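One structure below.
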Amino acid sequence: MQIREATVAELATLPALESAADSIFAELGFPPLPPPGSPDELAAARLVLVAGTPPAGFARVEVVDGNAHLEQLAVHPAHFRQGIGTLLVRAVVDWARDNGFPAVTLCTFADIPWNGPFYRKLGFTDVLDPSPGLRELRAHEQAVGLDDLGPRTVLRFSL
């Protein structure tokens with residue numbers, strides 16, 4: 001499946017894709033997660049990569065403390081377990097390396113199989129002492145109630 005930068009028109013479709021992807025958390029008994037990013041927020045991102053046409057998944061990348069930061073990874077449930085998430089993460093890592101970033105970071109649920117364990121399998125490691133920007137992101141996650149749903153972690157892939 002081809003991974004490429006999202007078009008402006010596709011940005012409007014990605015919040016619905018993110019909502020669909022988040023529906024899997026309901027199967028774990030989670031209450032609704034915070035709402036997806038808006039098309040305007042996606043347009044302001046440093047990078048948005050999509051998988052396929054129309055997009056079956058996407059990755060939103062920001063820059064935090066000089067590192068590429070994977071802010072969001074979403075795959076539509078109709079395309080789960082087909083390797084799309086892995087392709088998107090690898091494309092983010094390649095982009096970050098090609099653009100001179102020292103690492104890719106992210107915040108996620110520590111123990112949910114398609115979160116922390118998934119990223120660790122791809123070579124990410126837990127960050128025990130997050131940088132100031134990552135601490136700020138974690139504080140925001142706590143404020144919106146994500147920590148009430150399960151343990152969270154910060155992960156890093158060094159380049």
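Please note that chains go A, B, ... in the order of the structure tokens, that every chain numbers its residues from 1, and that ligands are numbered from 1 in the order shown.
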
### Task
Identify, on the basis of only C-alpha atoms, every residue whose closest approach to A:Thr53 does not exceed 12 Å; exclude the query and any residue fewer than 4 positions from it along the same chain; express the result as number ranges by chain.
A: 1-7, 9-10, 13, 49, 57-58

Kindly provide the residues of stretch 53-121 of chain A that approach stretch 18-38 of chain A to within 9 Å, each paired with its closest atom pair and their distance in Å to one decimal, based on only C-alpha atoms, listed by chain and increasing number, as a tab-separated table.
residue	atom	partner	partner_atom	distance
A:Gly57	CA	A:Glu18	CA	8.2
A:Phe58	CA	A:Glu18	CA	8.4
A:Gln72	CA	A:Glu18	CA	8.7
A:Leu73	CA	A:Glu18	CA	8.2
A:Ala74	CA	A:Glu18	CA	5.5
A:Val75	CA	A:Ala21	CA	5.6
A:His76	CA	A:Ala21	CA	4.9
A:Pro77	CA	A:Ala21	CA	5.6
A:Phe80	CA	A:Ala21	CA	8.8

### Query
Got a sec: who's within 10 Å of stretch 100-110 of chain A, counting only C-alpha atoms, leaving out chain neighbours fewer than 5 positions off, as a ChimeraX atom specification?
/A:61-73,89,92-95,115-120,124-127,130,134,137-138,141,146-147,149-159

Using only N, CA and C atoms, please write the residues we just selected to a file, as a CSV table (one decimal), in the first residue's frame.
chain,number,residue,atom,x,y,z
A,61,VAL,N,2.2,14.1,12.3
A,61,VAL,CA,3.5,14.3,12.9
A,61,VAL,C,3.6,15.8,13.3
A,62,GLU,N,4.1,16.1,14.5
A,62,GLU,CA,4.4,17.4,14.9
A,62,GLU,C,5.9,17.4,15.3
A,63,VAL,N,6.4,18.5,15.7
A,63,VAL,CA,7.7,18.6,16.2
A,63,VAL,C,7.7,19.0,17.7
A,64,VAL,N,8.3,18.2,18.6
A,64,VAL,CA,8.3,18.5,20.0
A,64,VAL,C,9.7,18.4,20.5
A,65,ASP,N,10.2,19.5,21.0
A,65,ASP,CA,11.6,19.5,21.6
A,65,ASP,C,12.6,19.1,20.6
A,66,GLY,N,12.5,19.5,19.3
A,66,GLY,CA,13.4,19.1,18.3
A,66,GLY,C,13.3,17.7,17.7
A,67,ASN,N,12.4,17.0,18.1
A,67,ASN,CA,12.2,15.6,17.6
A,67,ASN,C,10.9,15.6,16.8
A,68,ALA,N,10.8,14.7,15.8
A,68,ALA,CA,9.5,14.4,15.2
A,68,ALA,C,8.7,13.7,16.2
A,69,HIS,N,7.4,14.1,16.3
A,69,HIS,CA,6.5,13.5,17.3
A,69,HIS,C,5.3,13.0,16.6
A,70,LEU,N,5.1,11.7,16.8
A,70,LEU,CA,3.9,11.0,16.2
A,70,LEU,C,2.7,11.3,17.1
A,71,GLU,N,2.0,12.3,16.7
A,71,GLU,CA,0.8,12.8,17.5
A,71,GLU,C,-0.4,11.9,17.3
A,72,GLN,N,-0.6,11.3,16.2
A,72,GLN,CA,-1.7,10.4,16.0
A,72,GLN,C,-1.4,9.4,14.9
A,73,LEU,N,-1.8,8.2,15.2
A,73,LEU,CA,-1.8,7.1,14.2
A,73,LEU,C,-3.1,6.4,14.2
A,89,VAL,N,4.1,4.0,10.5
A,89,VAL,CA,5.2,4.3,11.5
A,89,VAL,C,6.5,4.2,10.8
A,92,VAL,N,7.0,7.4,8.9
A,92,VAL,CA,7.3,8.5,9.8
A,92,VAL,C,8.8,8.5,10.2
A,93,VAL,N,9.3,7.3,10.6
A,93,VAL,CA,10.7,7.2,11.0
A,93,VAL,C,11.6,7.6,9.8
A,94,ASP,N,11.3,7.1,8.6
A,94,ASP,CA,12.1,7.4,7.4
A,94,ASP,C,12.1,8.9,7.2
A,95,TRP,N,10.9,9.5,7.2
A,95,TRP,CA,10.8,11.0,7.0
A,95,TRP,C,11.6,11.7,8.0
A,115,ASN,N,-1.0,-0.5,21.1
A,115,ASN,CA,-0.4,0.8,21.5
A,115,ASN,C,1.1,0.5,21.9
A,116,GLY,N,1.4,0.6,23.2
A,116,GLY,CA,2.7,0.4,23.7
A,116,GLY,C,3.5,-0.8,23.2
A,117,PRO,N,2.9,-2.0,23.3
A,117,PRO,CA,3.6,-3.2,22.8
A,117,PRO,C,3.8,-3.2,21.3
A,118,PHE,N,2.9,-2.6,20.5
A,118,PHE,CA,3.1,-2.5,19.1
A,118,PHE,C,4.3,-1.6,18.8
A,119,TYR,N,4.4,-0.5,19.4
A,119,TYR,CA,5.5,0.5,19.1
A,119,TYR,C,6.8,-0.1,19.6
A,120,ARG,N,6.8,-0.8,20.7
A,120,ARG,CA,8.0,-1.4,21.2
A,120,ARG,C,8.5,-2.5,20.3
A,124,PHE,N,10.7,1.2,19.4
A,124,PHE,CA,10.6,2.3,20.3
A,124,PHE,C,10.9,1.8,21.7
A,125,THR,N,11.4,2.7,22.5
A,125,THR,CA,11.7,2.4,23.9
A,125,THR,C,11.1,3.4,24.8
A,126,ASP,N,10.8,3.0,26.1
A,126,ASP,CA,10.2,3.9,27.0
A,126,ASP,C,11.1,5.0,27.5
A,127,VAL,N,10.6,6.2,27.6
A,127,VAL,CA,11.3,7.4,28.1
A,127,VAL,C,11.0,7.6,29.5
A,130,PRO,N,11.0,12.4,30.4
A,130,PRO,CA,10.6,13.1,29.2
A,130,PRO,C,11.1,14.6,29.2
A,134,LEU,N,7.4,17.1,26.1
A,134,LEU,CA,6.7,15.9,26.3
A,134,LEU,C,6.0,15.8,27.6
A,137,LEU,N,2.8,17.7,27.0
A,137,LEU,CA,1.8,16.8,26.4
A,137,LEU,C,1.2,15.9,27.4
A,138,ARG,N,2.0,15.3,28.2
A,138,ARG,CA,1.5,14.3,29.2
A,138,ARG,C,0.6,15.0,30.2
A,141,GLU,N,-2.7,15.3,28.4
A,141,GLU,CA,-3.4,14.0,28.4
A,141,GLU,C,-4.0,13.7,29.7
A,146,LEU,N,-7.1,11.0,29.9
A,146,LEU,CA,-6.6,9.7,29.3
A,146,LEU,C,-6.0,8.8,30.3
A,147,ASP,N,-5.3,9.4,31.3
A,147,ASP,CA,-4.7,8.6,32.4
A,147,ASP,C,-5.7,7.8,33.2
A,149,LEU,N,-8.0,6.1,32.0
A,149,LEU,CA,-8.4,5.0,31.2
A,149,LEU,C,-7.4,3.9,31.3
A,150,GLY,N,-6.1,4.2,31.7
A,150,GLY,CA,-5.1,3.2,31.8
A,150,GLY,C,-3.7,3.8,31.8
A,151,PRO,N,-2.7,3.1,32.1
A,151,PRO,CA,-1.3,3.6,32.2
A,151,PRO,C,-0.9,4.2,30.8
A,152,ARG,N,-0.3,5.3,30.9
A,152,ARG,CA,0.3,6.0,29.7
A,152,ARG,C,1.8,5.9,29.7
A,153,THR,N,2.4,6.1,28.6
A,153,THR,CA,3.9,6.1,28.5
A,153,THR,C,4.3,7.0,27.4
A,154,VAL,N,5.5,7.5,27.5
A,154,VAL,CA,6.2,8.2,26.4
A,154,VAL,C,7.2,7.2,25.8
A,155,LEU,N,7.3,7.2,24.5
A,155,LEU,CA,8.2,6.3,23.8
A,155,LEU,C,9.0,7.1,22.8
A,156,ARG,N,10.2,6.5,22.5
A,156,ARG,CA,11.2,7.2,21.6
A,156,ARG,C,11.8,6.1,20.7
A,157,PHE,N,12.0,6.5,19.5
A,157,PHE,CA,12.8,5.8,18.5
A,157,PHE,C,14.0,6.6,18.1
A,158,SER,N,15.2,6.3,18.5
A,158,SER,CA,16.4,7.1,18.2
A,158,SER,C,16.8,6.8,16.8
A,159,LEU,N,17.2,7.9,16.1
A,159,LEU,CA,17.7,7.8,14.7
A,159,LEU,C,19.2,7.9,14.6

### Task
Give me every alpha helix (DSSP H) residue in chain A, going by DSSP on the backbone, as a VMD selection string.
chain A and resid 8 to 11 14 to 22 39 to 44 84 to 98 116 to 121 132 to 143

### Task
Have a look at atom CA of A:Leu122 and atom CA of A:Arg90 and let me know their distance in Å, one decimal.
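Taking atom CA of A:Leu122 and atom CA of A:Arg90, their separation equals 8.4 Å.
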
### Query
Which is closest to A:Ala44 among A:Arg60, A:Arg97, A:Arg135, A:Lys121, if we use only C-alpha atoms?
A:Arg60

### Query
From the list A:Pro15, A:Pro55, A:Gly133, A:Gly123, which residue is nearest A:Leu42 when using only C-alpha atoms?
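Among A:Pro15, A:Pro55, A:Gly133, A:Gly123, it is A:Pro15 that comes nearest to A:Leu42.
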
### Task
Could you tell me, as an MDAnalysis selection string, which residues of stretch 2-157 of chain A DSSP assigns to strand (DSSP E) when given the backbone?
chainID A and resid 3:5 47:51 57:64 67:75 103:109 125:126 152:157
